[in-house]
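Participant: Sharing run-v8.csv below, CSV, C-alpha atoms and all ligand atoms:
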```csv
chain,number,residue,atom,x,y,z
A,1160,MET,CA,32.3,-4.8,-2.2
A,1161,GLN,CA,28.7,-3.6,-1.8
A,1162,SER,CA,25.9,-3.7,-4.3
A,1163,LYS,CA,22.1,-3.5,-4.3
A,1164,VAL,CA,20.0,-6.5,-5.2
A,1165,TYR,CA,16.2,-6.3,-5.6
A,1166,VAL,CA,13.8,-8.6,-3.8
A,1167,LEU,CA,10.3,-8.1,-5.1
A,1168,GLY,CA,11.2,-4.5,-5.9
A,1169,VAL,CA,12.8,-3.8,-2.5
A,1170,PRO,CA,16.5,-2.8,-2.7
A,1171,ILE,CA,18.7,-4.8,-0.4
A,1172,ASP,CA,22.3,-4.0,0.3
A,1173,SER,CA,24.6,-7.0,-0.3
A,1174,ILE,CA,27.0,-6.3,2.4
A,1175,THR,CA,28.8,-8.2,5.2
A,1176,MET,CA,28.2,-7.4,8.9
A,1177,GLU,CA,31.6,-6.0,9.2
A,1178,ALA,CA,31.2,-3.7,6.2
A,1179,ALA,CA,27.7,-2.6,7.4
A,1180,VAL,CA,29.2,-1.6,10.8
A,1181,LYS,CA,32.0,0.3,9.0
A,1182,LYS,CA,29.6,2.1,6.7
A,1183,ILE,CA,27.4,3.1,9.6
A,1184,GLU,CA,30.5,4.5,11.3
A,1185,THR,CA,31.3,6.6,8.2
A,1186,PHE,CA,27.7,8.0,8.5
A,1187,ILE,CA,28.4,9.0,12.1
A,1188,GLN,CA,31.4,11.0,10.9
A,1189,GLY,CA,29.3,13.0,8.4
A,1190,SER,CA,26.6,15.6,9.0
A,1191,GLN,CA,23.8,14.1,6.9
A,1192,PRO,CA,21.0,12.0,8.5
A,1193,HIS,CA,20.8,8.4,7.5
A,1194,LEU,CA,17.8,6.0,7.8
A,1195,ILE,CA,18.8,2.4,8.0
A,1196,ALA,CA,16.2,-0.4,7.6
A,1197,THR,CA,16.6,-4.1,8.4
A,1198,ALA,CA,14.5,-6.0,5.8
A,1199,ASN,CA,12.9,-9.4,6.4
A,1200,ALA,CA,10.2,-11.2,4.3
A,1201,GLU,CA,7.4,-9.6,6.2
A,1202,MET,CA,8.7,-6.1,5.5
A,1203,VAL,CA,9.2,-6.9,1.8
A,1204,MET,CA,5.6,-8.2,1.6
A,1205,MET,CA,4.3,-5.1,3.4
A,1206,ALA,CA,6.1,-2.9,0.9
A,1207,GLN,CA,4.1,-4.6,-1.9
A,1208,GLN,CA,0.9,-3.0,-0.6
A,1209,ASP,CA,2.3,0.1,1.1
A,1210,ASP,CA,3.7,2.6,-1.3
A,1211,ASP,CA,5.0,4.9,1.5
A,1212,LEU,CA,7.0,2.0,3.0
A,1213,ALA,CA,8.3,1.1,-0.5
A,1214,ALA,CA,9.4,4.6,-1.1
A,1215,ILE,CA,11.2,4.9,2.3
A,1216,LEU,CA,13.1,1.6,1.6
A,1217,ASN,CA,14.0,2.9,-1.8
A,1218,SER,CA,15.6,6.0,-0.4
A,1219,ALA,CA,17.1,4.5,2.8
A,1220,SER,CA,20.8,4.8,3.1
A,1221,LEU,CA,21.2,1.2,3.9
A,1222,VAL,CA,18.7,-1.8,3.9
A,1223,VAL,CA,20.4,-4.8,5.4
A,1224,PRO,CA,19.2,-8.4,4.8
A,1225,ASP,CA,17.8,-9.0,8.3
A,1226,GLY,CA,15.9,-12.2,7.5
A,1227,ALA,CA,17.0,-15.6,6.1
A,1228,GLY,CA,14.0,-15.4,3.7
A,1229,VAL,CA,15.4,-12.2,2.0
A,1230,VAL,CA,18.8,-13.8,1.6
A,1231,TRP,CA,17.2,-17.0,0.2
A,1232,ALA,CA,15.0,-15.0,-2.2
A,1233,ALA,CA,18.0,-12.9,-3.5
A,1234,ARG,CA,20.1,-16.0,-4.1
A,1235,TYR,CA,17.2,-17.9,-5.6
A,1236,GLN,CA,16.9,-15.1,-8.2
A,1237,GLY,CA,20.6,-15.6,-8.9
A,1238,ASN,CA,21.8,-12.5,-7.1
A,1239,HIS,CA,24.8,-12.4,-4.9
A,1240,VAL,CA,24.1,-11.6,-1.2
A,1241,GLN,CA,27.1,-11.7,1.0
A,1242,GLU,CA,25.5,-12.7,4.2
A,1243,ARG,CA,22.6,-12.2,6.4
A,1244,VAL,CA,22.9,-9.1,8.6
A,1245,ALA,CA,20.3,-9.5,11.3
A,1246,GLY,CA,19.2,-6.3,12.9
A,1247,PHE,CA,19.7,-7.7,16.4
A,1248,ASP,CA,23.3,-8.7,15.6
A,1249,LEU,CA,24.0,-5.4,13.9
A,1250,THR,CA,22.8,-3.6,17.0
A,1251,GLN,CA,25.0,-5.7,19.2
A,1252,ASN,CA,28.0,-5.0,16.9
A,1253,LEU,CA,27.3,-1.3,16.9
A,1254,LEU,CA,27.0,-1.2,20.7
A,1255,ALA,CA,30.4,-3.0,21.0
A,1256,GLU,CA,32.0,-0.4,18.7
A,1257,ALA,CA,30.2,2.4,20.6
A,1258,SER,CA,31.7,1.2,23.8
A,1259,LYS,CA,35.2,1.5,22.3
A,1260,LYS,CA,34.6,4.8,20.4
A,1261,GLY,CA,32.3,6.7,22.7
A,1262,TYR,CA,29.3,6.9,20.3
A,1263,ARG,CA,26.2,8.3,21.9
A,1264,ILE,CA,23.2,6.0,21.7
A,1265,TYR,CA,19.6,6.8,22.2
A,1266,LEU,CA,17.1,3.9,22.7
A,1267,PHE,CA,13.5,4.8,21.7
A,1268,GLY,CA,10.7,2.3,21.6
A,1269,ALA,CA,9.2,-0.9,23.1
A,1270,GLY,CA,7.0,-1.1,26.2
A,1271,PRO,CA,7.4,0.8,29.4
A,1272,GLY,CA,10.7,-0.1,31.1
A,1273,ILE,CA,12.0,-2.2,28.3
A,1274,ALA,CA,14.4,0.3,26.8
A,1275,GLU,CA,15.8,1.1,30.3
A,1276,LYS,CA,16.3,-2.6,31.0
A,1277,ALA,CA,18.0,-3.1,27.6
A,1278,LYS,CA,20.3,-0.2,28.5
A,1279,GLN,CA,21.2,-1.8,31.8
A,1280,ILE,CA,22.0,-5.1,30.2
A,1281,ALA,CA,24.0,-3.4,27.4
A,1282,GLU,CA,26.0,-1.5,30.0
A,1283,LYS,CA,27.0,-4.9,31.5
A,1284,LEU,CA,27.7,-6.5,28.1
A,1285,TYR,CA,29.6,-3.5,26.6
A,1286,PRO,CA,31.3,-1.8,29.5
A,1287,GLY,CA,31.7,2.0,28.9
A,1288,VAL,CA,28.9,2.1,26.3
A,1289,ASN,CA,27.3,5.5,26.4
A,1290,ILE,CA,23.5,5.1,26.2
A,1291,ILE,CA,22.5,8.7,26.9
A,1292,LYS,CA,18.7,8.3,27.0
A,1293,THR,CA,15.9,5.8,26.8
A,1294,ARG,CA,12.2,6.3,26.1
A,1295,ASP,CA,9.4,3.9,25.6
A,1296,GLY,CA,7.5,3.7,22.3
A,1297,PHE,CA,4.0,4.3,23.4
A,1298,PHE,CA,3.0,7.9,22.9
A,1299,SER,CA,0.3,10.0,21.4
A,1300,ALA,CA,0.5,12.5,18.6
A,1301,ASP,CA,0.6,15.3,21.1
A,1302,ASP,CA,3.9,13.9,22.5
A,1303,GLU,CA,5.7,13.9,19.2
A,1304,ASN,CA,7.2,17.4,19.3
A,1305,GLU,CA,8.6,16.9,22.7
A,1306,ILE,CA,10.1,13.5,21.8
A,1307,ILE,CA,11.8,15.0,18.7
A,1308,GLU,CA,13.1,17.9,20.7
A,1309,ASP,CA,14.4,15.6,23.4
A,1310,ILE,CA,16.3,13.4,20.8
A,1311,CYS,CA,17.6,16.6,19.1
A,1312,LYS,CA,19.0,18.1,22.3
A,1313,SER,CA,20.5,14.8,23.4
A,1314,HIS,CA,22.7,14.7,20.2
A,1315,PRO,CA,22.9,10.9,19.7
A,1316,ASP,CA,25.2,9.5,17.1
A,1317,ILE,CA,22.9,6.4,16.8
A,1318,LEU,CA,19.2,6.4,17.4
A,1319,LEU,CA,17.7,2.9,17.7
A,1320,VAL,CA,13.9,3.0,17.1
A,1321,ALA,CA,11.8,0.0,18.1
A,1322,LEU,CA,8.2,0.8,17.2
A,1323,GLY,CA,7.6,-2.2,14.9
A,1324,VAL,CA,7.4,-2.3,11.1
A,1325,PRO,CA,6.3,-0.1,9.3
A,1326,LYS,CA,5.6,2.4,12.1
A,1327,GLN,CA,9.3,2.9,13.0
A,1328,GLU,CA,10.4,3.4,9.3
A,1329,LYS,CA,7.5,5.9,8.7
A,1330,TRP,CA,8.1,7.8,12.0
A,1331,LEU,CA,11.8,8.1,11.1
A,1332,ALA,CA,11.3,9.1,7.5
A,1333,ARG,CA,8.8,11.8,8.6
A,1334,ASN,CA,11.0,13.2,11.3
A,1335,LEU,CA,14.5,12.5,10.0
A,1336,SER,CA,15.5,16.0,9.0
A,1337,ARG,CA,14.2,17.4,12.4
A,1338,LEU,CA,15.9,14.8,14.5
A,1339,GLN,CA,19.4,15.8,13.4
A,1340,VAL,CA,20.9,12.3,14.1
A,1341,PRO,CA,23.5,10.9,11.6
A,1342,VAL,CA,22.3,7.3,12.1
A,1343,ALA,CA,18.7,6.2,12.8
A,1344,ILE,CA,17.9,2.5,12.6
A,1345,GLY,CA,14.5,0.7,12.8
A,1346,VAL,CA,15.2,-2.3,15.0
A,1347,GLY,CA,11.8,-3.9,15.7
A,1348,GLY,CA,11.9,-6.3,18.5
A,1349,THR,CA,15.6,-5.9,19.3
A,1350,LEU,CA,15.1,-4.0,22.6
A,1351,ASP,CA,12.6,-6.7,23.8
A,1352,VAL,CA,15.3,-9.3,23.2
A,1353,MET,CA,18.0,-7.3,24.8
A,1354,ALA,CA,15.9,-6.7,27.9
A,1355,GLY,CA,15.0,-10.4,28.1
A,1356,ALA,CA,11.3,-9.8,27.5
A,1357,ALA,CA,11.5,-11.8,24.3
A,1358,LYS,CA,13.8,-14.5,23.2
A,1359,ARG,CA,15.7,-15.1,20.0
A,1360,ALA,CA,15.7,-18.5,18.5
A,1361,PRO,CA,18.6,-20.7,19.5
A,1362,LEU,CA,21.7,-20.5,17.3
A,1363,TRP,CA,21.0,-23.9,15.6
A,1364,MET,CA,17.5,-22.7,14.5
A,1365,GLN,CA,19.0,-19.4,13.3
A,1366,GLN,CA,21.6,-21.3,11.3
A,1367,ALA,CA,19.0,-23.7,9.9
A,1368,ASN,CA,16.9,-20.7,8.8
A,1369,LEU,CA,14.2,-21.6,11.2
A,1370,GLU,CA,14.0,-18.4,13.2
A,1371,TRP,CA,10.5,-17.8,11.7
A,1372,LEU,CA,9.3,-21.1,13.1
A,1373,TYR,CA,10.6,-20.3,16.6
A,1374,ARG,CA,8.8,-17.0,16.4
A,1375,LEU,CA,5.6,-18.7,15.3
A,1376,LEU,CA,5.8,-21.2,18.2
A,1377,ARG,CA,6.6,-18.6,20.8
A,1378,GLN,CA,4.1,-16.0,19.6
A,1379,PRO,CA,1.2,-17.8,17.9
A,1380,GLN,CA,-0.7,-14.5,17.9
A,1381,ARG,CA,1.7,-13.6,15.1
A,1382,ALA,CA,0.3,-16.4,12.9
A,1383,ILE,CA,-1.9,-14.2,10.7
A,1384,ARG,CA,0.9,-11.7,10.2
A,1385,MET,CA,3.3,-14.6,9.4
A,1386,LEU,CA,1.1,-15.8,6.6
A,1387,ALA,CA,3.1,-13.2,4.7
A,1388,LEU,CA,6.0,-15.7,4.7
A,1389,PRO,CA,4.5,-18.5,2.5
A,1390,ARG,CA,3.1,-15.8,0.3
A,1391,PHE,CA,6.5,-14.3,0.0
A,1392,VAL,CA,8.1,-17.6,-1.0
A,1393,LEU,CA,5.4,-18.2,-3.6
A,1394,LYS,CA,5.7,-14.7,-5.0
A,1395,VAL,CA,9.5,-15.0,-5.3
A,1396,ILE,CA,9.1,-18.3,-7.1
A,1397,MET,CA,6.3,-17.1,-9.4
A,1398,ASP,CA,8.2,-13.9,-10.2
A,1399,LYS,CA,11.3,-15.9,-11.4
A,1400,LYS,CA,9.3,-17.9,-13.9
B,1501,LIG,N1,6.0,-0.9,19.8
B,1501,LIG,C1,6.1,0.4,20.3
B,1501,LIG,N2,5.1,1.3,20.0
B,1501,LIG,C2,4.1,1.0,19.3
B,1501,LIG,C3,4.0,-0.3,18.7
B,1501,LIG,C4,5.0,-1.2,19.0
B,1501,LIG,O1,7.1,0.7,21.0
B,1501,LIG,O2,3.2,1.9,19.1
B,1501,LIG,C5,7.1,-1.8,20.0
B,1501,LIG,C6,6.7,-3.1,20.7
B,1501,LIG,O3,6.5,-3.0,22.1
B,1501,LIG,C7,7.9,-4.0,20.3
B,1501,LIG,C8,8.3,-3.4,19.0
B,1501,LIG,O4,7.7,-2.2,18.8
B,1501,LIG,O5,8.9,-3.8,21.2
B,1501,LIG,C9,7.9,-4.3,17.8
B,1501,LIG,O6,8.5,-5.5,17.9
B,1501,LIG,P1,8.2,-6.7,16.8
B,1501,LIG,O7,9.0,-7.9,17.2
B,1501,LIG,O8,6.7,-6.8,16.5
B,1501,LIG,O9,9.0,-6.0,15.6
B,1501,LIG,P2,8.8,-6.2,14.0
B,1501,LIG,O10,8.5,-7.6,13.8
B,1501,LIG,O11,7.6,-5.3,13.6
B,1501,LIG,O12,10.1,-5.7,13.5
```
If you convert what's in this file into structure tokens, what do you get?
Facilitator:
Amino acid sequence: MQSKVYVLGVPIDSITMEAAVKKIETFIQGSQPHLIATANAEMVMMAQQDDDLAAILNSASLVVPDGAGVVWAARYQGNHVQERVAGFDLTQNLLAEASKKGYRIYLFGAGPGIAEKAKQIAEKLYPGVNIIKTRDGFFSADDENEIIEDICKSHPDILLVALGVPKQEKWLARNLSRLQVPVAIGVGGTLDVMAGAAKRAPLWMQQANLEWLYRLLRQPQRAIRMLALPRFVLKVIMDKK
């Protein structure tokens, strides 16, 4: 069963990891392009101020609850959310399916060499996975046409885009019809983690909903950005009253 719940106006799909993977596989079989977003509290807060981002999330084919904060908020409001579907884990599950079913994967984004390293590691973890191309995410406006043409002619089934939020969602929304990919997912820092350039919180912290704290301790430069989190909690509580 899948339904949409709204967290501060952002539609979130209440879906299990397994169902999300299956749904994405049905997108691959079709001919329409699909934009998939992985929503956390920071993204929801950005969407409060950024109408373009809010519109993109409203028309996305799938918005999975990436962050523990989003799951908490939905449940706090009395809505049913099946489980957290973290973008990193979703990516790993898709790569595992891709290795069995031959899906073509294109990795686009992150710093120089990171996507290539992520590819090498994925090839070890998921033997037979077909990562057809990688490309870093630092480019100028002049490079855009060439990037789009390259993606088009590579015919990926799944395009993973790691340019950060909201750049990746906006880039995808702007170019989706030209890209001709059935599935395009904004994956944020996933390639950095896959490549070993960034670390994910240990499992116990993930399970204790403390991934945000781990990020804050590892990347104190994110502190300003992360002020969105207490503001998110307050807004959710105030909105319920
Ligand atoms: N990035 C990129 N191009 C840019 C800006 C950022 O490729 O112009 C990459 C950056 O190197 C990093 C990712 O986008 O790999 C963003 O990671 P972050 O953890 O900040 O993701 P978010 O929290 O925004 O989802």
Participant: Find the residues around A:Leu1388 up to 9 Å (all atoms listed in the file counted), leave out those fewer than 2 positions away in its own chain, and share them as a PyMOL selection string.
Facilitator: chain A and resi 1200-1201+1204+1228+1371+1384-1386+1390-1393
Participant: Would you mind reading off the distance between atom CA of A:Ser1218 and atom CA of A:Glu1242, one decimal, in Å?
Facilitator: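 We find that atom CA of A:Ser1218 and atom CA of A:Glu1242 lie 21.7 Å from each other.
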Participant: At a cut-off of 12 Å, using all atoms listed in the file, what residues contact A:Ile1396? Leave out same-chain residues fewer than 2 positions from it and give the result as a ChimeraX atom specification.
Facilitator: /A:1166-1167,1231-1237,1389-1394,1398-1400
Participant: Using all atoms listed in the file, find each residue of chain A with at least one atom at most 6 Å away from an atom of ligand LIG 1501 (chain B); report its shortest atom-to-atom pair and that distance in Å (one decimal), sort the rows by chain and rising residue number, and return the result as a Markdown table.
Facilitator:
```
| residue | atom | partner | partner_atom | distance |
| --- | --- | --- | --- | --- |
| A:Gly1268 | CA | B:LIG1501 | O1 | 4.0 |
| A:Ala1269 | CA | B:LIG1501 | O1 | 3.4 |
| A:Gly1270 | CA | B:LIG1501 | O3 | 4.5 |
| A:Gly1296 | CA | B:LIG1501 | O1 | 3.3 |
| A:Phe1297 | CA | B:LIG1501 | N2 | 4.7 |
| A:Ala1321 | CA | B:LIG1501 | O4 | 4.7 |
| A:Leu1322 | CA | B:LIG1501 | O4 | 3.4 |
| A:Gly1323 | CA | B:LIG1501 | O11 | 3.4 |
| A:Val1324 | CA | B:LIG1501 | O11 | 3.9 |
| A:Gly1347 | CA | B:LIG1501 | O12 | 3.3 |
| A:Gly1348 | CA | B:LIG1501 | O6 | 3.5 |
| A:Asp1351 | CA | B:LIG1501 | O5 | 5.4 |
```
Participant: Within 9 Å of A:Ala1245, counting all atoms listed in the file, which residues qualify if same-chain residues fewer than 5 places away don't, as a PyMOL selection string?
Facilitator: chain A and resi 1176+1197-1199+1223-1227+1250
Participant: Contacts of A:Tyr1285 at 10 Å or less, counting only C-alpha atoms, minus same-chain residues fewer than 6 places along, as a ChimeraX atom specification?
Facilitator: /A:1251-1252,1254-1259
Participant: Using all atoms listed in the file, can you tell me which of A:Glu1370, A:Glu1275, A:Glu1303, A:Asp1316 comes closest to A:Ile1187?
Facilitator: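 Once distances to A:Ile1187 are computed over all atoms listed in the file, the minimum belongs to A:Asp1316.
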Participant: Using all atoms listed in the file, find the one residue out of A:Ile1306, A:Val1340, A:Ala1300, A:Val1346 that sits nearest to A:Tyr1262.
Facilitator: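 Using all atoms listed in the file, the shortest distance to A:Tyr1262 belongs to A:Val1340.
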Participant: Can you measure atom CA of A:Met1397 to atom CA of A:Leu1375 for me? One decimal in Å is fine.
Facilitator: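 Result for atom CA of A:Met1397 versus atom CA of A:Leu1375: 24.8 Å, one decimal.
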